[in-house]
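S.K.: The following file, query_17.txt, comprises compact mmCIF, N, CA and C atoms:
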```
# COMPACT_ATOMS: atom_id res chain seq x y z
N MET T 792 91.42 -9.04 -44.02
CA MET T 792 91.29 -7.60 -44.19
C MET T 792 90.34 -7.06 -43.13
N SER T 793 90.77 -5.99 -42.49
CA SER T 793 89.93 -5.41 -41.43
C SER T 793 89.09 -4.26 -42.00
N ARG T 794 88.03 -3.98 -41.30
CA ARG T 794 87.14 -2.89 -41.71
C ARG T 794 87.12 -1.84 -40.61
N SER T 795 86.80 -0.61 -41.00
CA SER T 795 86.82 0.49 -40.04
C SER T 795 85.50 0.65 -39.28
N ARG T 796 84.42 0.17 -39.87
CA ARG T 796 83.11 0.28 -39.21
C ARG T 796 82.40 -1.06 -39.23
N PRO T 797 81.48 -1.26 -38.28
CA PRO T 797 80.71 -2.50 -38.29
C PRO T 797 79.73 -2.54 -39.47
N ILE T 798 79.33 -3.75 -39.81
CA ILE T 798 78.34 -3.95 -40.87
C ILE T 798 76.95 -3.67 -40.28
N VAL T 799 76.14 -2.95 -41.03
CA VAL T 799 74.76 -2.68 -40.62
C VAL T 799 73.91 -3.89 -41.01
N GLN T 800 73.37 -4.58 -40.00
CA GLN T 800 72.54 -5.76 -40.23
C GLN T 800 71.12 -5.37 -40.62
N ALA T 801 70.62 -4.28 -40.03
CA ALA T 801 69.26 -3.81 -40.30
C ALA T 801 69.18 -2.35 -39.89
N GLN T 802 68.14 -1.68 -40.37
CA GLN T 802 67.94 -0.27 -40.04
C GLN T 802 66.45 0.02 -39.95
N GLU T 803 66.12 0.91 -39.03
CA GLU T 803 64.74 1.36 -38.89
C GLU T 803 64.73 2.89 -38.82
N LYS T 804 64.16 3.52 -39.83
CA LYS T 804 64.02 4.98 -39.83
C LYS T 804 62.88 5.34 -38.88
N LEU T 805 63.16 6.20 -37.92
CA LEU T 805 62.16 6.59 -36.93
C LEU T 805 61.64 8.00 -37.16
N GLY T 806 62.15 8.66 -38.17
CA GLY T 806 61.75 10.02 -38.50
C GLY T 806 62.79 10.63 -39.41
N GLU T 807 62.59 11.88 -39.77
CA GLU T 807 63.52 12.55 -40.68
C GLU T 807 64.92 12.64 -40.12
N SER T 808 65.04 12.82 -38.81
CA SER T 808 66.34 12.97 -38.17
C SER T 808 66.55 11.99 -37.03
N GLU T 809 65.97 10.80 -37.17
CA GLU T 809 66.13 9.78 -36.14
C GLU T 809 66.13 8.41 -36.80
N THR T 810 67.07 7.57 -36.40
CA THR T 810 67.18 6.23 -36.98
C THR T 810 67.78 5.27 -35.97
N LYS T 811 67.59 3.99 -36.22
CA LYS T 811 68.16 2.93 -35.40
C LYS T 811 68.83 1.94 -36.34
N LEU T 812 70.12 1.67 -36.07
CA LEU T 812 70.90 0.75 -36.88
C LEU T 812 71.31 -0.43 -36.00
N TRP T 813 71.18 -1.64 -36.52
CA TRP T 813 71.69 -2.81 -35.81
C TRP T 813 73.05 -3.14 -36.40
N LEU T 814 74.07 -3.10 -35.56
CA LEU T 814 75.45 -3.26 -36.00
C LEU T 814 76.03 -4.60 -35.57
N ASN T 815 76.72 -5.24 -36.50
CA ASN T 815 77.42 -6.49 -36.22
C ASN T 815 78.85 -6.13 -35.82
N ILE T 816 79.17 -6.34 -34.55
CA ILE T 816 80.50 -6.03 -34.04
C ILE T 816 81.39 -7.26 -34.28
N SER T 817 81.92 -7.33 -35.49
CA SER T 817 82.73 -8.49 -35.88
C SER T 817 84.16 -8.35 -35.35
N ASP T 818 84.85 -9.46 -35.29
CA ASP T 818 86.21 -9.45 -34.73
C ASP T 818 87.26 -8.94 -35.72
N ASP T 819 86.86 -8.56 -36.93
CA ASP T 819 87.82 -8.04 -37.91
C ASP T 819 87.83 -6.51 -37.99
N LEU T 820 87.22 -5.84 -37.00
CA LEU T 820 87.23 -4.37 -36.99
C LEU T 820 88.63 -3.87 -36.66
N SER T 821 89.10 -2.89 -37.41
CA SER T 821 90.46 -2.38 -37.22
C SER T 821 90.68 -1.78 -35.83
N CYS T 822 89.65 -1.23 -35.22
CA CYS T 822 89.79 -0.60 -33.90
C CYS T 822 90.09 -1.61 -32.80
N LEU T 823 89.87 -2.90 -33.06
CA LEU T 823 90.11 -3.93 -32.05
C LEU T 823 91.58 -4.34 -31.98
N SER T 824 92.33 -4.05 -33.02
CA SER T 824 93.74 -4.42 -33.06
C SER T 824 94.51 -3.63 -32.01
N GLY T 825 95.05 -4.33 -31.03
CA GLY T 825 95.85 -3.68 -29.99
C GLY T 825 95.04 -3.10 -28.85
N HIS T 826 93.73 -3.28 -28.87
CA HIS T 826 92.88 -2.68 -27.83
C HIS T 826 91.96 -3.74 -27.24
N PHE T 827 92.29 -4.60 -26.53
CA PHE T 827 93.54 -4.97 -25.89
C PHE T 827 93.93 -6.37 -26.34
N PRO T 828 95.22 -6.66 -26.54
CA PRO T 828 95.63 -7.98 -27.01
C PRO T 828 95.08 -9.08 -26.09
N GLY T 829 94.40 -10.05 -26.71
CA GLY T 829 93.83 -11.15 -25.95
C GLY T 829 92.44 -10.88 -25.41
N ASN T 830 92.07 -9.63 -25.25
CA ASN T 830 90.76 -9.23 -24.74
C ASN T 830 90.26 -8.00 -25.49
N PRO T 831 89.95 -8.12 -26.78
CA PRO T 831 89.57 -6.93 -27.56
C PRO T 831 88.24 -6.32 -27.12
N VAL T 832 88.23 -5.00 -27.05
CA VAL T 832 87.02 -4.24 -26.77
C VAL T 832 86.97 -3.06 -27.75
N VAL T 833 85.77 -2.58 -28.03
CA VAL T 833 85.61 -1.42 -28.92
C VAL T 833 85.94 -0.15 -28.11
N PRO T 834 86.96 0.60 -28.54
CA PRO T 834 87.32 1.82 -27.81
C PRO T 834 86.26 2.91 -27.96
N GLY T 835 86.20 3.77 -26.96
CA GLY T 835 85.23 4.87 -26.97
C GLY T 835 85.37 5.79 -28.17
N VAL T 836 86.60 6.06 -28.58
CA VAL T 836 86.80 6.96 -29.73
C VAL T 836 86.18 6.36 -30.99
N ALA T 837 86.22 5.04 -31.14
CA ALA T 837 85.59 4.39 -32.29
C ALA T 837 84.07 4.54 -32.22
N GLN T 838 83.51 4.40 -31.02
CA GLN T 838 82.06 4.54 -30.85
C GLN T 838 81.59 5.95 -31.24
N VAL T 839 82.33 6.96 -30.85
CA VAL T 839 81.99 8.34 -31.21
C VAL T 839 82.12 8.53 -32.72
N HIS T 840 83.21 8.04 -33.28
CA HIS T 840 83.43 8.16 -34.73
C HIS T 840 82.31 7.48 -35.52
N TRP T 841 81.94 6.26 -35.11
CA TRP T 841 80.87 5.54 -35.81
C TRP T 841 79.56 6.31 -35.73
N ALA T 842 79.24 6.83 -34.55
CA ALA T 842 77.98 7.57 -34.39
C ALA T 842 77.93 8.75 -35.36
N GLU T 843 78.99 9.52 -35.39
CA GLU T 843 78.99 10.68 -36.28
C GLU T 843 78.99 10.26 -37.75
N SER T 844 79.75 9.25 -38.09
CA SER T 844 79.84 8.78 -39.47
C SER T 844 78.49 8.25 -39.98
N PHE T 845 77.85 7.40 -39.19
CA PHE T 845 76.54 6.88 -39.59
C PHE T 845 75.49 7.99 -39.62
N ALA T 846 75.58 8.94 -38.72
CA ALA T 846 74.63 10.06 -38.71
C ALA T 846 74.76 10.89 -39.98
N ARG T 847 75.98 11.21 -40.36
CA ARG T 847 76.18 12.01 -41.59
C ARG T 847 75.64 11.28 -42.81
N GLU T 848 75.78 9.97 -42.86
CA GLU T 848 75.23 9.19 -43.98
C GLU T 848 73.71 9.21 -43.98
N ASN T 849 73.10 9.09 -42.81
CA ASN T 849 71.65 8.96 -42.72
C ASN T 849 70.91 10.29 -42.68
N PHE T 850 71.57 11.34 -42.23
CA PHE T 850 70.91 12.64 -42.10
C PHE T 850 71.58 13.67 -43.00
N ASN T 851 72.08 13.26 -44.14
CA ASN T 851 72.82 14.17 -45.01
C ASN T 851 71.99 15.35 -45.49
N HIS T 852 70.67 15.24 -45.41
CA HIS T 852 69.80 16.35 -45.82
C HIS T 852 69.78 17.46 -44.76
N THR T 853 70.12 17.16 -43.51
CA THR T 853 70.10 18.19 -42.47
C THR T 853 71.48 18.51 -41.92
N MET T 854 72.40 17.56 -41.96
CA MET T 854 73.69 17.77 -41.32
C MET T 854 74.71 18.59 -42.11
N PRO T 855 74.64 18.71 -43.44
CA PRO T 855 75.69 19.47 -44.13
C PRO T 855 75.82 20.91 -43.67
N GLU T 856 74.73 21.52 -43.24
CA GLU T 856 74.77 22.92 -42.85
C GLU T 856 75.20 23.14 -41.41
N ILE T 857 75.43 22.08 -40.65
CA ILE T 857 75.65 22.26 -39.22
C ILE T 857 77.01 22.78 -38.85
N GLY T 858 77.97 22.64 -39.72
CA GLY T 858 79.31 23.08 -39.38
C GLY T 858 80.17 21.94 -38.90
N SER T 859 81.15 22.29 -38.12
CA SER T 859 82.15 21.33 -37.68
C SER T 859 81.86 20.78 -36.29
N PHE T 860 82.42 19.62 -36.04
CA PHE T 860 82.39 19.00 -34.73
C PHE T 860 83.03 19.98 -33.75
N SER T 861 82.33 20.31 -32.67
CA SER T 861 82.93 21.21 -31.69
C SER T 861 83.23 20.53 -30.37
N GLY T 862 82.67 19.34 -30.14
CA GLY T 862 83.03 18.61 -28.94
C GLY T 862 81.95 17.68 -28.44
N LEU T 863 82.35 16.88 -27.48
CA LEU T 863 81.43 15.99 -26.79
C LEU T 863 80.93 16.73 -25.56
N GLU T 864 79.63 16.88 -25.45
CA GLU T 864 79.08 17.53 -24.26
C GLU T 864 78.86 16.51 -23.15
N VAL T 865 78.48 15.32 -23.54
CA VAL T 865 78.21 14.26 -22.58
C VAL T 865 78.63 12.95 -23.21
N ILE T 866 79.25 12.09 -22.43
CA ILE T 866 79.48 10.72 -22.89
C ILE T 866 79.57 9.83 -21.65
N LYS T 867 78.88 8.70 -21.73
CA LYS T 867 78.88 7.73 -20.64
C LYS T 867 79.14 6.36 -21.23
N PHE T 868 80.09 5.66 -20.65
CA PHE T 868 80.38 4.28 -21.04
C PHE T 868 79.93 3.39 -19.89
N GLN T 869 78.83 2.66 -20.10
CA GLN T 869 78.27 1.84 -19.03
C GLN T 869 78.69 0.38 -19.11
N ASN T 870 78.86 -0.15 -20.31
CA ASN T 870 79.23 -1.55 -20.51
C ASN T 870 80.20 -1.66 -21.68
N ILE T 871 81.02 -2.68 -21.66
CA ILE T 871 82.03 -2.89 -22.69
C ILE T 871 81.39 -3.53 -23.91
N ILE T 872 81.73 -3.00 -25.10
CA ILE T 872 81.28 -3.59 -26.36
C ILE T 872 82.35 -4.56 -26.83
N LEU T 873 81.96 -5.83 -26.95
CA LEU T 873 82.88 -6.90 -27.32
C LEU T 873 82.58 -7.40 -28.73
N PRO T 874 83.58 -7.97 -29.40
CA PRO T 874 83.33 -8.60 -30.69
C PRO T 874 82.33 -9.74 -30.54
N GLY T 875 81.53 -9.94 -31.58
CA GLY T 875 80.53 -11.00 -31.58
C GLY T 875 79.14 -10.52 -31.23
N LEU T 876 79.03 -9.28 -30.77
CA LEU T 876 77.72 -8.74 -30.42
C LEU T 876 77.03 -8.14 -31.63
N ILE T 877 75.71 -8.12 -31.59
CA ILE T 877 74.92 -7.30 -32.50
C ILE T 877 74.16 -6.34 -31.59
N ILE T 878 74.45 -5.05 -31.76
CA ILE T 878 73.85 -4.03 -30.90
C ILE T 878 73.20 -2.96 -31.76
N ALA T 879 72.30 -2.22 -31.15
CA ALA T 879 71.62 -1.13 -31.85
C ALA T 879 72.34 0.18 -31.58
N LEU T 880 72.44 0.98 -32.60
CA LEU T 880 72.93 2.36 -32.48
C LEU T 880 71.74 3.26 -32.77
N ASN T 881 71.29 3.97 -31.73
CA ASN T 881 70.20 4.94 -31.87
C ASN T 881 70.81 6.30 -32.15
N LEU T 882 70.34 6.96 -33.19
CA LEU T 882 70.84 8.28 -33.58
C LEU T 882 69.68 9.25 -33.70
N LYS T 883 69.86 10.43 -33.13
CA LYS T 883 68.86 11.48 -33.27
C LYS T 883 69.60 12.81 -33.40
N PHE T 884 69.33 13.51 -34.50
CA PHE T 884 69.94 14.82 -34.72
C PHE T 884 68.91 15.90 -34.45
N ASN T 885 69.24 16.80 -33.51
CA ASN T 885 68.39 17.93 -33.18
C ASN T 885 68.93 19.14 -33.94
N GLN T 886 68.23 19.52 -35.00
CA GLN T 886 68.69 20.59 -35.87
C GLN T 886 68.67 21.95 -35.17
N GLU T 887 67.68 22.21 -34.33
CA GLU T 887 67.61 23.50 -33.64
C GLU T 887 68.77 23.70 -32.68
N LYS T 888 69.18 22.64 -32.01
CA LYS T 888 70.28 22.73 -31.04
C LYS T 888 71.63 22.39 -31.66
N ASN T 889 71.62 21.90 -32.91
CA ASN T 889 72.84 21.52 -33.60
C ASN T 889 73.60 20.44 -32.82
N LYS T 890 72.85 19.41 -32.39
CA LYS T 890 73.43 18.35 -31.57
C LYS T 890 72.97 16.99 -32.05
N LEU T 891 73.89 16.04 -31.93
CA LEU T 891 73.62 14.65 -32.26
C LEU T 891 73.60 13.85 -30.97
N TYR T 892 72.50 13.14 -30.74
CA TYR T 892 72.36 12.26 -29.58
C TYR T 892 72.52 10.83 -30.07
N PHE T 893 73.33 10.04 -29.34
CA PHE T 893 73.53 8.65 -29.76
C PHE T 893 73.55 7.73 -28.55
N SER T 894 73.18 6.47 -28.80
CA SER T 894 73.30 5.45 -27.76
C SER T 894 73.49 4.10 -28.42
N TYR T 895 74.32 3.28 -27.79
CA TYR T 895 74.55 1.90 -28.20
C TYR T 895 73.85 1.02 -27.17
N VAL T 896 72.89 0.22 -27.61
CA VAL T 896 72.06 -0.56 -26.69
C VAL T 896 71.76 -1.95 -27.27
N ASP T 897 71.32 -2.84 -26.40
CA ASP T 897 70.65 -4.06 -26.84
C ASP T 897 69.42 -4.20 -25.97
N GLU T 898 68.75 -5.34 -26.05
CA GLU T 898 67.50 -5.47 -25.30
C GLU T 898 67.72 -5.48 -23.79
N ASP T 899 68.94 -5.75 -23.34
CA ASP T 899 69.21 -5.86 -21.91
C ASP T 899 69.91 -4.67 -21.28
N LYS T 900 70.71 -3.96 -22.05
CA LYS T 900 71.53 -2.92 -21.43
C LYS T 900 71.93 -1.82 -22.41
N THR T 901 72.39 -0.74 -21.80
CA THR T 901 73.00 0.36 -22.55
C THR T 901 74.51 0.20 -22.44
N TYR T 902 75.19 0.29 -23.58
CA TYR T 902 76.64 0.19 -23.59
C TYR T 902 77.28 1.57 -23.44
N SER T 903 76.75 2.53 -24.18
CA SER T 903 77.24 3.91 -24.07
C SER T 903 76.22 4.85 -24.67
N ASN T 904 76.33 6.11 -24.29
CA ASN T 904 75.49 7.15 -24.91
C ASN T 904 76.20 8.48 -24.78
N GLY T 905 75.79 9.41 -25.62
CA GLY T 905 76.44 10.70 -25.60
C GLY T 905 75.73 11.73 -26.46
N ARG T 906 76.34 12.91 -26.44
CA ARG T 906 75.81 14.04 -27.20
C ARG T 906 77.00 14.78 -27.81
N ILE T 907 76.93 14.97 -29.13
CA ILE T 907 77.98 15.68 -29.87
C ILE T 907 77.43 17.04 -30.28
N ALA T 908 78.21 18.08 -30.02
CA ALA T 908 77.82 19.44 -30.40
C ALA T 908 78.59 19.87 -31.65
N TYR T 909 77.94 20.71 -32.45
CA TYR T 909 78.54 21.23 -33.67
C TYR T 909 78.51 22.75 -33.65
N THR T 910 79.47 23.38 -34.35
CA THR T 910 79.52 24.85 -34.40
C THR T 910 78.68 25.36 -35.55
```
Represent the supplied structure as structure tokens.
M.R.:
Amino acid sequence: MSRSRPIVQAQEKLGESETKLWLNISDDLSCLSGHFPGNPVVPGVAQVHWAESFARENFNHTMPEIGSFSGLEVIKFQNIILPGLIIALNLKFNQEKNKLYFSYVDEDKTYSNGRIAYT
């Protein structure tokens, strides 16, 4: 059975609207099926979806009033996320600007980062 999101191995709350999650990128994630056969990688759309999904769970006290997703203002994919990794997802929600900042990192590199705007 495949899962839609990685398992959270650990979490560190860094403030009311900032957190760090360590994610286990297991090979049974549904987003890996067909992307790409024989060489699975986590697609960018899954990374954006996970960031927003985990943010809504962790910042539910501030995010319900923000409105709807209006777009990605910035996104950079620097390194490929492969199954078998444990990486950190840094999340920070700026309530005044109505924006979510996210980055996927480990101790050596940044995999991706971006900014999601809300209406």
S.K.: For a test of reading the model, state the distance in Å between atom C of T:Ile871 and atom C of T:Trp813, rounded to one decimal.
M.R.: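 Pair atom C of T:Ile871 / atom C of T:Trp813 returns 15.0 Å.
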S.K.: In Å to one decimal, how far is atom CA of T:Glu898 from atom CA of T:Ile878?
M.R.: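 Between atom CA of T:Ile878 and atom CA of T:Glu898 the gap is 8.6 Å.
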S.K.: By how many Å are atom N of T:Gly835 and atom N of T:Tyr909 apart?
M.R.: 19.6 Å
S.K.: With only C-alpha atoms as the atoms that count, which of T:Asp897, T:Glu848, T:Glu887, T:Asp819 lies nearest to T:Asn870?
M.R.: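 Under the stated criterion, the closest residue is T:Asp897.
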S.K.: Find the residues near T:Pro874: any atom within 8 Å, counting only C-alpha atoms, skip ones fewer than 2 places away on the same chain, and give them as a ChimeraX atom specification.
M.R.: /T:816-818,831-833,872,876
S.K.: Which residue gives the smallest distance to T:Asn885 among T:Ser795, T:Ala801, T:Leu814, T:Glu809, with only N, CA and C atoms counted?
M.R.: T:Glu809
S.K.: Need the shell around T:Ile866: protein/DNA/RNA residues with any atom at most 6 Å away, counting all atoms listed in the file. Skip same-chain ones fewer than 3 positions apart. Format as a list in words?
M.R.: Leu863, Asn904, Gly905 and Arg906 of chain T
S.K.: Write out as a ChimeraX atom specification all residues of chain T that backbone DSSP assigns to alpha helix (DSSP H).
M.R.: /T:835-849
S.K.: Return the single residue from T:Gly829, T:Ala846, T:Gln838, T:Ser859 that is closest to T:Lys883, with distances computed using all atoms listed in the file.
M.R.: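 Going through T:Gly829, T:Ala846, T:Gln838, T:Ser859 one by one, the smallest distance to T:Lys883 is for T:Ala846.
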S.K.: Rank T:Ser824, T:Asn851, T:Gln802, T:Asn889 by their smallest atom-to-atom distance to T:Glu864, using only C-alpha atoms, and report the top residue only.
M.R.: T:Asn889
S.K.: List the neighbours of T:Leu882 out to 8 Å using all atoms listed in the file; skip same-chain residues closer than 2 positions along the sequence, and give me the result as a PDB file with N, CA and C atoms, in the coordinates of the input.
M.R.:
```pdb
ATOM      1  N   SER T 808      65.040  12.820 -38.810  1.00  0.00           N
ATOM      2  CA  SER T 808      66.340  12.970 -38.170  1.00  0.00           C
ATOM      3  C   SER T 808      66.550  11.990 -37.030  1.00  0.00           C
ATOM      4  N   GLU T 809      65.970  10.800 -37.170  1.00  0.00           N
ATOM      5  CA  GLU T 809      66.130   9.780 -36.140  1.00  0.00           C
ATOM      6  C   GLU T 809      66.130   8.410 -36.800  1.00  0.00           C
ATOM      7  N   THR T 810      67.070   7.570 -36.400  1.00  0.00           N
ATOM      8  CA  THR T 810      67.180   6.230 -36.980  1.00  0.00           C
ATOM      9  C   THR T 810      67.780   5.270 -35.970  1.00  0.00           C
ATOM     10  N   LYS T 811      67.590   3.990 -36.220  1.00  0.00           N
ATOM     11  CA  LYS T 811      68.160   2.930 -35.400  1.00  0.00           C
ATOM     12  C   LYS T 811      68.830   1.940 -36.340  1.00  0.00           C
ATOM     13  N   LEU T 812      70.120   1.670 -36.070  1.00  0.00           N
ATOM     14  CA  LEU T 812      70.900   0.750 -36.880  1.00  0.00           C
ATOM     15  C   LEU T 812      71.310  -0.430 -36.000  1.00  0.00           C
ATOM     16  N   ALA T 842      79.240   6.830 -34.550  1.00  0.00           N
ATOM     17  CA  ALA T 842      77.980   7.570 -34.390  1.00  0.00           C
ATOM     18  C   ALA T 842      77.930   8.750 -35.360  1.00  0.00           C
ATOM     19  N   PHE T 845      77.850   7.400 -39.190  1.00  0.00           N
ATOM     20  CA  PHE T 845      76.540   6.880 -39.590  1.00  0.00           C
ATOM     21  C   PHE T 845      75.490   7.990 -39.620  1.00  0.00           C
ATOM     22  N   ALA T 846      75.580   8.940 -38.720  1.00  0.00           N
ATOM     23  CA  ALA T 846      74.630  10.060 -38.710  1.00  0.00           C
ATOM     24  C   ALA T 846      74.760  10.890 -39.980  1.00  0.00           C
ATOM     25  N   ALA T 879      72.300  -2.220 -31.150  1.00  0.00           N
ATOM     26  CA  ALA T 879      71.620  -1.130 -31.850  1.00  0.00           C
ATOM     27  C   ALA T 879      72.340   0.180 -31.580  1.00  0.00           C
ATOM     28  N   LEU T 880      72.440   0.980 -32.600  1.00  0.00           N
ATOM     29  CA  LEU T 880      72.930   2.360 -32.480  1.00  0.00           C
ATOM     30  C   LEU T 880      71.740   3.260 -32.770  1.00  0.00           C
ATOM     31  N   PHE T 884      69.330  13.510 -34.500  1.00  0.00           N
ATOM     32  CA  PHE T 884      69.940  14.820 -34.720  1.00  0.00           C
ATOM     33  C   PHE T 884      68.910  15.900 -34.450  1.00  0.00           C
ATOM     34  N   ASN T 885      69.240  16.800 -33.510  1.00  0.00           N
ATOM     35  CA  ASN T 885      68.390  17.930 -33.180  1.00  0.00           C
ATOM     36  C   ASN T 885      68.930  19.140 -33.940  1.00  0.00           C
ATOM     37  N   LEU T 891      73.890  16.040 -31.930  1.00  0.00           N
ATOM     38  CA  LEU T 891      73.620  14.650 -32.260  1.00  0.00           C
ATOM     39  C   LEU T 891      73.600  13.850 -30.970  1.00  0.00           C
ATOM     40  N   TYR T 892      72.500  13.140 -30.740  1.00  0.00           N
ATOM     41  CA  TYR T 892      72.360  12.260 -29.580  1.00  0.00           C
ATOM     42  C   TYR T 892      72.520  10.830 -30.070  1.00  0.00           C
ATOM     43  N   PHE T 893      73.330  10.040 -29.340  1.00  0.00           N
ATOM     44  CA  PHE T 893      73.530   8.650 -29.760  1.00  0.00           C
ATOM     45  C   PHE T 893      73.550   7.730 -28.550  1.00  0.00           C
ATOM     46  N   SER T 894      73.180   6.470 -28.800  1.00  0.00           N
ATOM     47  CA  SER T 894      73.300   5.450 -27.760  1.00  0.00           C
ATOM     48  C   SER T 894      73.490   4.100 -28.420  1.00  0.00           C
ATOM     49  N   TYR T 895      74.320   3.280 -27.790  1.00  0.00           N
ATOM     50  CA  TYR T 895      74.550   1.900 -28.200  1.00  0.00           C
ATOM     51  C   TYR T 895      73.850   1.020 -27.170  1.00  0.00           C
TER      52      TYR T 895
END
```
S.K.: What residues in chain T get the DSSP label strand (DSSP E or B)? Please answer as a PyMOL selection string.
M.R.: chain T and resi 794+798-806+809-815+820+860-868+877-885+890-896+901-909
